[in-house]
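The next block holds one structure in the form of structure tokens; read it before the comments.
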Amino acid sequence: MRNICWFLFLCACIATGCNKMLDEKVVSSVTDDFYNTPAGFQSAVNGGYAGLRAFYSTERGMTVSVFGTDTYTNGSDGDFKFVNQYTSQLDPRYAHLREIWNAFYQAINTCNVVVDRADQVPDLDSAAKRKGIAEARFCRATYHFLLLQMFGAVPLRLTENKEIVTEAHRDPVADIYAAVLADLQYAAQTLPVTQAEWGRATKPAAEHLMARVYLTRATSAAKGANDYDSAATYATRVISQYGMQLLPDVGQVWAQGKENSAETVFAVQFTTDALYNYPDNNACRFFLMQYDVLRGMKRDITNGTPWKRFAPTKFLLDTLFGERVHDTRYQKFFTSVWFANDNKDNLKIGDTSVFMPGYNVTEDEIKSKKYQLVPPRNYTERLYPSLNKFADALRPDNQASGVRPFIAFRLAEDYLIAAEALMYKGEKGAAVDYINTLRMRAARVGANESETAAHREAMKISEAQLNIDFILDERGRELVGEQQQWFDLVRTNKLLERVRLHNPQAGPNIETKHMLRPIPQDQIDRTSNEFPQNPEY
């Protein structure tokens, strides 16, 4: 992983002109000819992953994928509330979209260097060449697919840009889907099932992404007749053919230090070395309430740095996670009790400081407690149960970025993709089996086998209960915070409906145009020909 992180940083700095690295001799000695050597080829392969770190587990990627949905709304802090509120500030000047666009196209060009130059590199081992091309095409497909989902028709870049180009065009959506799937087919046919260096693309990662792409295309204007068949095929292959399995305890999926588990299909790598840990991995900060101003509490690394960006909606807490007798996912995914870490305010270290029971209690009961008892009616933009999936206790200090890998693809999603595709194919029985397997995994463990069996049975659903809203609810429960919700609502044409129903801060302003993001203005300004903006922006 260290090799990947080093070259990701090196290539990112070359692309963006990082002054700190320009002072280093290793960077100043790199010329274009370097990429025509075996070492240069491999560095370009590694550099192809750089764009993933600009999106996953970052403020920009989280904001455009978590905010403004039915599950997350404004916390009290941050400069980008307009993304949740869908106000006029969500326009082509929005910095996060510009940063994502530029980072992805820089990374796409790095991938194209690998693909275009591979046959010209002397003394390049043939196996290393094929694997390097496959990794680059996997990354290229990922970038094009994310761009397509956010912006619609975008420039399709499949060859290296060797000179200054001022003209750009938006290619047809159908062509972009075809190119993405061609890249992933090559990757799936070429890549090994596992890699010696964790964090590299694999055959199951390519097939997982293919399943996601087919499922997304199935509801688009470019839909193919067999998209649901293909989505189900590739999702079930990942489930059954590569030795992966759901972890017995859903609470261990995001346990720090255990990210490379049997459930992880692909993870974006970060590092504990601050020099190479760029862009900032800050998912650990975004979902935390302001615990550090409460009685007996001070900010520490274990509890995290509370940036208060994203607050859970009432719908997320009261409906999606409303059932907590049989389903343990709320208990496992959210922190609802904080323990004093400072001897002050008449509390000792280890005493309960804050408790959010998840149900309403009387004012007399609140007053009777030494600690702060916070029922749901008293949640605010600063005070709410906090998603803990991304908690990062290994940061060197409170100012440091996160160091954890980010699990971008995991096996649970393959169960959800298979279920949705099979449902639309008319195979509801098989679809329900996949949903129930996933739900039973989250069932509470009782005091004995009989109690456990009763909890598992209660988690099952029937064919009559299965529809697209139930699947979206289940995705919201299982994948909460994992940078999928906005994409899920858009591809199922449910964004407007569910945001209006469940996000009071977003509902009044959301419009049809918000099914796409605005093309960054600097892309339009630097293009010599007319580059069309998305409608109504």
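Following the order of the structure tokens, first chain is A, next is B, and so on, with residues numbered from 1 inside each chain and ligands from 1 in the order they appear.
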
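Look at Gly350 (chain A): the protein and nucleic acid residues within 7 Å of it, using only C-alpha atoms and passing over chain neighbours fewer than 5 places away, are Phe339, Ala340 and Asn341 of chain A.
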
Quick one: write out the picked residues with N, CA, C and O atoms as a CSV table (one decimal), in the first residue's frame?
```csv
chain,number,residue,atom,x,y,z
A,339,PHE,N,-19.0,9.4,27.1
A,339,PHE,CA,-18.6,9.3,28.5
A,339,PHE,C,-17.6,10.4,28.8
A,339,PHE,O,-16.8,10.7,27.9
A,340,ALA,N,-17.7,10.9,29.9
A,340,ALA,CA,-16.8,12.1,30.3
A,340,ALA,C,-15.4,11.7,30.2
A,340,ALA,O,-14.9,10.7,30.5
A,341,ASN,N,-14.6,12.6,29.6
A,341,ASN,CA,-13.2,12.5,29.4
A,341,ASN,C,-12.4,13.6,30.1
A,341,ASN,O,-11.2,13.8,29.8
```

*Find the residues near Leu466 (chain A): any atom within 8 Å, counting only C-alpha atoms, skip ones fewer than 3 places away on the same chain, and give them as a list in words.*
Met423, Lys428, Val432, Ile461, Ser462, Glu463, Phe470 and Ile471 of chain A

Please dump the current selection as a PDB file, in the first residue's frame; keep all heavy atoms.
```
ATOM      1  N   MET A 423     -35.811  -8.403  -8.702  1.00  0.00           N
ATOM      2  CA  MET A 423     -37.180  -7.910  -8.530  1.00  0.00           C
ATOM      3  C   MET A 423     -37.733  -7.396  -9.853  1.00  0.00           C
ATOM      4  O   MET A 423     -38.851  -7.727 -10.251  1.00  0.00           O
ATOM      5  CB  MET A 423     -37.207  -6.801  -7.481  1.00  0.00           C
ATOM      6  CG  MET A 423     -38.593  -6.200  -7.263  1.00  0.00           C
ATOM      7  SD  MET A 423     -38.583  -4.771  -6.143  1.00  0.00           S
ATOM      8  CE  MET A 423     -37.804  -3.527  -7.204  1.00  0.00           C
ATOM      9  N   LYS A 428     -39.185 -12.352  -7.755  1.00  0.00           N
ATOM     10  CA  LYS A 428     -39.282 -11.772  -6.417  1.00  0.00           C
ATOM     11  C   LYS A 428     -38.822 -12.732  -5.328  1.00  0.00           C
ATOM     12  O   LYS A 428     -38.262 -12.309  -4.317  1.00  0.00           O
ATOM     13  CB  LYS A 428     -40.709 -11.317  -6.148  1.00  0.00           C
ATOM     14  CG  LYS A 428     -41.013  -9.901  -6.600  1.00  0.00           C
ATOM     15  CD  LYS A 428     -42.270  -9.378  -5.932  1.00  0.00           C
ATOM     16  CE  LYS A 428     -42.340  -7.863  -6.037  1.00  0.00           C
ATOM     17  NZ  LYS A 428     -43.501  -7.319  -5.292  1.00  0.00           N
ATOM     18  N   VAL A 432     -36.091 -11.626  -2.633  1.00  0.00           N
ATOM     19  CA  VAL A 432     -36.354 -11.593  -1.199  1.00  0.00           C
ATOM     20  C   VAL A 432     -35.316 -12.411  -0.439  1.00  0.00           C
ATOM     21  O   VAL A 432     -34.906 -12.044   0.675  1.00  0.00           O
ATOM     22  CB  VAL A 432     -37.786 -12.094  -0.914  1.00  0.00           C
ATOM     23  CG1 VAL A 432     -37.963 -12.440   0.560  1.00  0.00           C
ATOM     24  CG2 VAL A 432     -38.801 -11.038  -1.327  1.00  0.00           C
ATOM     25  N   ILE A 461     -38.595 -10.417   5.396  1.00  0.00           N
ATOM     26  CA  ILE A 461     -39.735  -9.778   4.734  1.00  0.00           C
ATOM     27  C   ILE A 461     -40.350 -10.774   3.758  1.00  0.00           C
ATOM     28  O   ILE A 461     -39.735 -11.786   3.403  1.00  0.00           O
ATOM     29  CB  ILE A 461     -39.325  -8.491   3.994  1.00  0.00           C
ATOM     30  CG1 ILE A 461     -38.396  -8.810   2.810  1.00  0.00           C
ATOM     31  CG2 ILE A 461     -38.681  -7.498   4.949  1.00  0.00           C
ATOM     32  CD1 ILE A 461     -38.269  -7.683   1.809  1.00  0.00           C
ATOM     33  N   SER A 462     -41.543 -10.463   3.314  1.00  0.00           N
ATOM     34  CA  SER A 462     -42.242 -11.308   2.343  1.00  0.00           C
ATOM     35  C   SER A 462     -42.140 -10.687   0.955  1.00  0.00           C
ATOM     36  O   SER A 462     -41.757  -9.517   0.803  1.00  0.00           O
ATOM     37  CB  SER A 462     -43.711 -11.447   2.727  1.00  0.00           C
ATOM     38  OG  SER A 462     -44.369 -10.186   2.612  1.00  0.00           O
ATOM     39  N   GLU A 463     -42.521 -11.440  -0.058  1.00  0.00           N
ATOM     40  CA  GLU A 463     -42.525 -10.915  -1.422  1.00  0.00           C
ATOM     41  C   GLU A 463     -43.463  -9.724  -1.540  1.00  0.00           C
ATOM     42  O   GLU A 463     -43.192  -8.775  -2.295  1.00  0.00           O
ATOM     43  CB  GLU A 463     -42.930 -12.006  -2.412  1.00  0.00           C
ATOM     44  CG  GLU A 463     -41.895 -13.103  -2.576  1.00  0.00           C
ATOM     45  CD  GLU A 463     -42.300 -14.124  -3.626  1.00  0.00           C
ATOM     46  OE1 GLU A 463     -42.990 -13.740  -4.592  1.00  0.00           O
ATOM     47  OE2 GLU A 463     -41.929 -15.304  -3.483  1.00  0.00           O
ATOM     48  N   PHE A 470     -38.849  -0.076  -0.580  1.00  0.00           N
ATOM     49  CA  PHE A 470     -38.269  -0.897   0.473  1.00  0.00           C
ATOM     50  C   PHE A 470     -36.781  -1.117   0.215  1.00  0.00           C
ATOM     51  O   PHE A 470     -35.968  -1.066   1.144  1.00  0.00           O
ATOM     52  CB  PHE A 470     -38.978  -2.249   0.595  1.00  0.00           C
ATOM     53  CG  PHE A 470     -38.475  -3.055   1.758  1.00  0.00           C
ATOM     54  CD1 PHE A 470     -39.070  -2.927   3.000  1.00  0.00           C
ATOM     55  CD2 PHE A 470     -37.364  -3.884   1.643  1.00  0.00           C
ATOM     56  CE1 PHE A 470     -38.578  -3.628   4.100  1.00  0.00           C
ATOM     57  CE2 PHE A 470     -36.865  -4.593   2.727  1.00  0.00           C
ATOM     58  CZ  PHE A 470     -37.481  -4.457   3.960  1.00  0.00           C
ATOM     59  N   ILE A 471     -36.416  -1.343  -1.031  1.00  0.00           N
ATOM     60  CA  ILE A 471     -34.989  -1.544  -1.341  1.00  0.00           C
ATOM     61  C   ILE A 471     -34.199  -0.270  -1.042  1.00  0.00           C
ATOM     62  O   ILE A 471     -33.097  -0.333  -0.479  1.00  0.00           O
ATOM     63  CB  ILE A 471     -34.816  -1.990  -2.797  1.00  0.00           C
ATOM     64  CG1 ILE A 471     -35.277  -3.448  -2.943  1.00  0.00           C
ATOM     65  CG2 ILE A 471     -33.357  -1.849  -3.249  1.00  0.00           C
ATOM     66  CD1 ILE A 471     -35.246  -3.975  -4.355  1.00  0.00           C
TER      67      ILE A 471
END
```

*Where in region 223-457 of chain A does DSSP assign strand (DSSP E), given as JSON, numbers by chain?*
{"A": [264, 265, 266, 267, 268, 310, 311, 312, 334, 335, 337, 338, 339, 352, 353, 354, 355, 372, 373, 386, 387, 406, 407, 408, 409, 410]}

*Could you find all residues in region 168-407 of chain A that DSSP calls alpha helix (DSSP H) from the backbone, and write them as a PyMOL selection string?*
chain A and resi 173-190+203-217+227-241+283-286+314+329-333+363-368

*Could you tell me which of A:Tyr234, A:Trp101, A:Tyr228, A:Tyr384 comes closest to Ser76 (chain A) if we count only C-alpha atoms?*
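Distance minimum relative to Ser76 (chain A) lands on A:Tyr384.
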
*Name the closest residue to Glu99 (chain A) among the candidates A:Pro375, A:Pro520, A:Gly476, A:Gly48; distances are taken between atoms, counting only C-alpha atoms.*
A:Pro520

*Determine, counting only C-alpha atoms, which protein, DNA and RNA residues have an atom within 8 Å of an atom of Ala141 (chain A); residues of the same chain fewer than 6 positions away are not included. Present the result as JSON, numbers by chain.*
{"A": [179, 180, 181, 183, 184]}

Write to file, as a PDB file, in the first residue's frame, the residues of the selection just made, with N, CA, C and O atoms.
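Produced file selection-v4.pdb, reproduced below:
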```
ATOM      1  N   ALA A 179     -18.350   2.654 -23.203  1.00  0.00           N
ATOM      2  CA  ALA A 179     -16.914   2.702 -22.925  1.00  0.00           C
ATOM      3  C   ALA A 179     -16.609   2.226 -21.509  1.00  0.00           C
ATOM      4  O   ALA A 179     -15.630   1.497 -21.278  1.00  0.00           O
ATOM      5  N   VAL A 180     -17.430   2.632 -20.554  1.00  0.00           N
ATOM      6  CA  VAL A 180     -17.242   2.204 -19.167  1.00  0.00           C
ATOM      7  C   VAL A 180     -17.336   0.685 -19.074  1.00  0.00           C
ATOM      8  O   VAL A 180     -16.490   0.017 -18.451  1.00  0.00           O
ATOM      9  N   LEU A 181     -18.339   0.119 -19.690  1.00  0.00           N
ATOM     10  CA  LEU A 181     -18.527  -1.327 -19.614  1.00  0.00           C
ATOM     11  C   LEU A 181     -17.431  -2.077 -20.369  1.00  0.00           C
ATOM     12  O   LEU A 181     -16.993  -3.151 -19.939  1.00  0.00           O
ATOM     13  N   ASP A 183     -14.311  -1.070 -20.648  1.00  0.00           N
ATOM     14  CA  ASP A 183     -13.152  -1.026 -19.744  1.00  0.00           C
ATOM     15  C   ASP A 183     -13.295  -2.053 -18.629  1.00  0.00           C
ATOM     16  O   ASP A 183     -12.335  -2.756 -18.273  1.00  0.00           O
ATOM     17  N   LEU A 184     -14.476  -2.149 -18.066  1.00  0.00           N
ATOM     18  CA  LEU A 184     -14.681  -3.077 -16.948  1.00  0.00           C
ATOM     19  C   LEU A 184     -14.664  -4.530 -17.408  1.00  0.00           C
ATOM     20  O   LEU A 184     -14.189  -5.413 -16.677  1.00  0.00           O
TER      21      LEU A 184
END
```

*Check the smallest atom-to-atom distance from each of A:Arg477, A:Leu387, A:Arg285, A:Asn448 to Glu323 (chain A) using only C-alpha atoms, then report the winner.*
A:Arg477

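Here CA of Ile349 (chain A) and CA of Phe390 (chain A) stand 24.4 Å from one another.
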
*asked:* Please determine, counting only C-alpha atoms, which residue among A:Lys298, A:Asp351, A:Phe104, A:Pro38 has the shortest atom-to-atom distance to Ala50 (chain A).
replied: A:Phe104

*Measuring atom to atom with only C-alpha atoms, identify which of A:Asp249, A:Glu482, A:Glu511, A:Glu451 is nearest to Leu495 (chain A).*
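Going through A:Asp249, A:Glu482, A:Glu511, A:Glu451 one by one, the smallest distance to Leu495 (chain A) is for A:Glu511.
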
_Taking only C-alpha atoms into account, name the residue in A:Asp525, A:Glu363, A:Asp116, A:Asp123 that is nearest to Arg137 (chain A)._
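The shortest atom-to-atom distance to Arg137 (chain A) comes from A:Asp116.
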
*Write out as a ChimeraX atom specification each polymer residue whose atoms come within 8 Å of Thr166 (chain A), counting only C-alpha atoms; drop sequence neighbours fewer than 5 positions from it.*
/A:526-529

Could you write out the selected residues, including N, CA, C and O atoms, as a compact mmCIF listing (two decimals), in the first residue's frame?
```txt
# COMPACT_ATOMS: atom_id res chain seq x y z
N ARG A 526 -12.89 27.70 -20.28
CA ARG A 526 -11.62 27.39 -20.91
C ARG A 526 -11.78 26.61 -22.21
O ARG A 526 -10.77 26.23 -22.83
N THR A 527 -13.01 26.38 -22.63
CA THR A 527 -13.26 25.65 -23.87
C THR A 527 -13.50 26.63 -25.00
O THR A 527 -14.33 27.54 -24.88
N SER A 528 -12.76 26.48 -26.11
CA SER A 528 -12.83 27.45 -27.20
C SER A 528 -14.14 27.35 -27.96
O SER A 528 -14.64 28.35 -28.50
N ASN A 529 -14.72 26.15 -28.05
CA ASN A 529 -16.02 26.02 -28.69
C ASN A 529 -17.12 26.16 -27.63
O ASN A 529 -16.84 26.29 -26.44
```

_All residues 12 Å or closer to Phe82 (chain A), only C-alpha atoms, same chain fewer than 3 positions away omitted, as a list in words_ = Thr63, Val64, Phe67, Gly68, Thr73, Asn74, Gly75, Asp77, Gly78, Asp79, Gln85, Tyr86, Thr87, Ser88, Gln89, Leu90, Asp91, Tyr94, Arg309, Gln505, Ala506, Asn509 and Ile510 of chain A

*Grab the CA of Lys332 (chain A) to CA of Gly251 (chain A) distance for me, in Å with one decimal place.*
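We find that CA of Lys332 (chain A) and CA of Gly251 (chain A) lie 5.0 Å from each other.
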
Close residues, region 368-373 of chain A itself excluded, 7 Å, only C-alpha atoms, min 5 positions apart in chain, as a PDB file with all heavy atoms, in the first residue's frame:
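Generated file (part-v2.pdb):
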```pdb
ATOM      1  N   THR A 352     -21.130   8.761  32.534  1.00  0.00           N
ATOM      2  CA  THR A 352     -21.948   9.121  31.381  1.00  0.00           C
ATOM      3  C   THR A 352     -22.101  10.633  31.331  1.00  0.00           C
ATOM      4  O   THR A 352     -22.492  11.261  32.323  1.00  0.00           O
ATOM      5  CB  THR A 352     -23.326   8.451  31.456  1.00  0.00           C
ATOM      6  OG1 THR A 352     -23.160   7.037  31.453  1.00  0.00           O
ATOM      7  CG2 THR A 352     -24.201   8.864  30.285  1.00  0.00           C
ATOM      8  N   SER A 353     -21.782  11.206  30.175  1.00  0.00           N
ATOM      9  CA  SER A 353     -21.943  12.642  29.987  1.00  0.00           C
ATOM     10  C   SER A 353     -23.214  12.958  29.213  1.00  0.00           C
ATOM     11  O   SER A 353     -23.973  13.854  29.578  1.00  0.00           O
ATOM     12  CB  SER A 353     -20.736  13.220  29.236  1.00  0.00           C
ATOM     13  OG  SER A 353     -20.959  14.554  28.870  1.00  0.00           O
ATOM     14  N   VAL A 354     -23.443  12.227  28.139  1.00  0.00           N
ATOM     15  CA  VAL A 354     -24.600  12.442  27.278  1.00  0.00           C
ATOM     16  C   VAL A 354     -25.188  11.094  26.920  1.00  0.00           C
ATOM     17  O   VAL A 354     -24.453  10.155  26.575  1.00  0.00           O
ATOM     18  CB  VAL A 354     -24.209  13.189  25.982  1.00  0.00           C
ATOM     19  CG1 VAL A 354     -25.452  13.510  25.148  1.00  0.00           C
ATOM     20  CG2 VAL A 354     -23.428  14.452  26.283  1.00  0.00           C
ATOM     21  N   PHE A 355     -26.501  11.000  26.973  1.00  0.00           N
ATOM     22  CA  PHE A 355     -27.181   9.780  26.530  1.00  0.00           C
ATOM     23  C   PHE A 355     -28.382  10.166  25.689  1.00  0.00           C
ATOM     24  O   PHE A 355     -29.222  10.969  26.105  1.00  0.00           O
ATOM     25  CB  PHE A 355     -27.625   8.931  27.718  1.00  0.00           C
ATOM     26  CG  PHE A 355     -28.403   7.699  27.326  1.00  0.00           C
ATOM     27  CD1 PHE A 355     -27.969   6.873  26.296  1.00  0.00           C
ATOM     28  CD2 PHE A 355     -29.581   7.377  27.987  1.00  0.00           C
ATOM     29  CE1 PHE A 355     -28.685   5.742  25.931  1.00  0.00           C
ATOM     30  CE2 PHE A 355     -30.307   6.243  27.639  1.00  0.00           C
ATOM     31  CZ  PHE A 355     -29.852   5.428  26.598  1.00  0.00           C
ATOM     32  N   MET A 356     -28.433   9.598  24.478  1.00  0.00           N
ATOM     33  CA  MET A 356     -29.563   9.796  23.573  1.00  0.00           C
ATOM     34  C   MET A 356     -30.296   8.467  23.459  1.00  0.00           C
ATOM     35  O   MET A 356     -29.882   7.594  22.686  1.00  0.00           O
ATOM     36  CB  MET A 356     -29.055  10.270  22.218  1.00  0.00           C
ATOM     37  CG  MET A 356     -28.334  11.600  22.284  1.00  0.00           C
ATOM     38  SD  MET A 356     -27.720  12.140  20.684  1.00  0.00           S
ATOM     39  CE  MET A 356     -27.009  13.724  21.134  1.00  0.00           C
TER      40      MET A 356
END
```

*Find the residues around region 206-219 of chain A up to 7 Å (only C-alpha atoms counted), leave out those fewer than 3 positions away in its own chain, and share them as a ChimeraX atom specification.*
/A:138,181,184,187-188,202-203,222-224,227-228,230-232,234-235,238,414,421,491-492

*When you draw a straight line from CA of Pro204 (chain A) to CA of Arg53 (chain A), how long is it in Å?*
20.5 Å
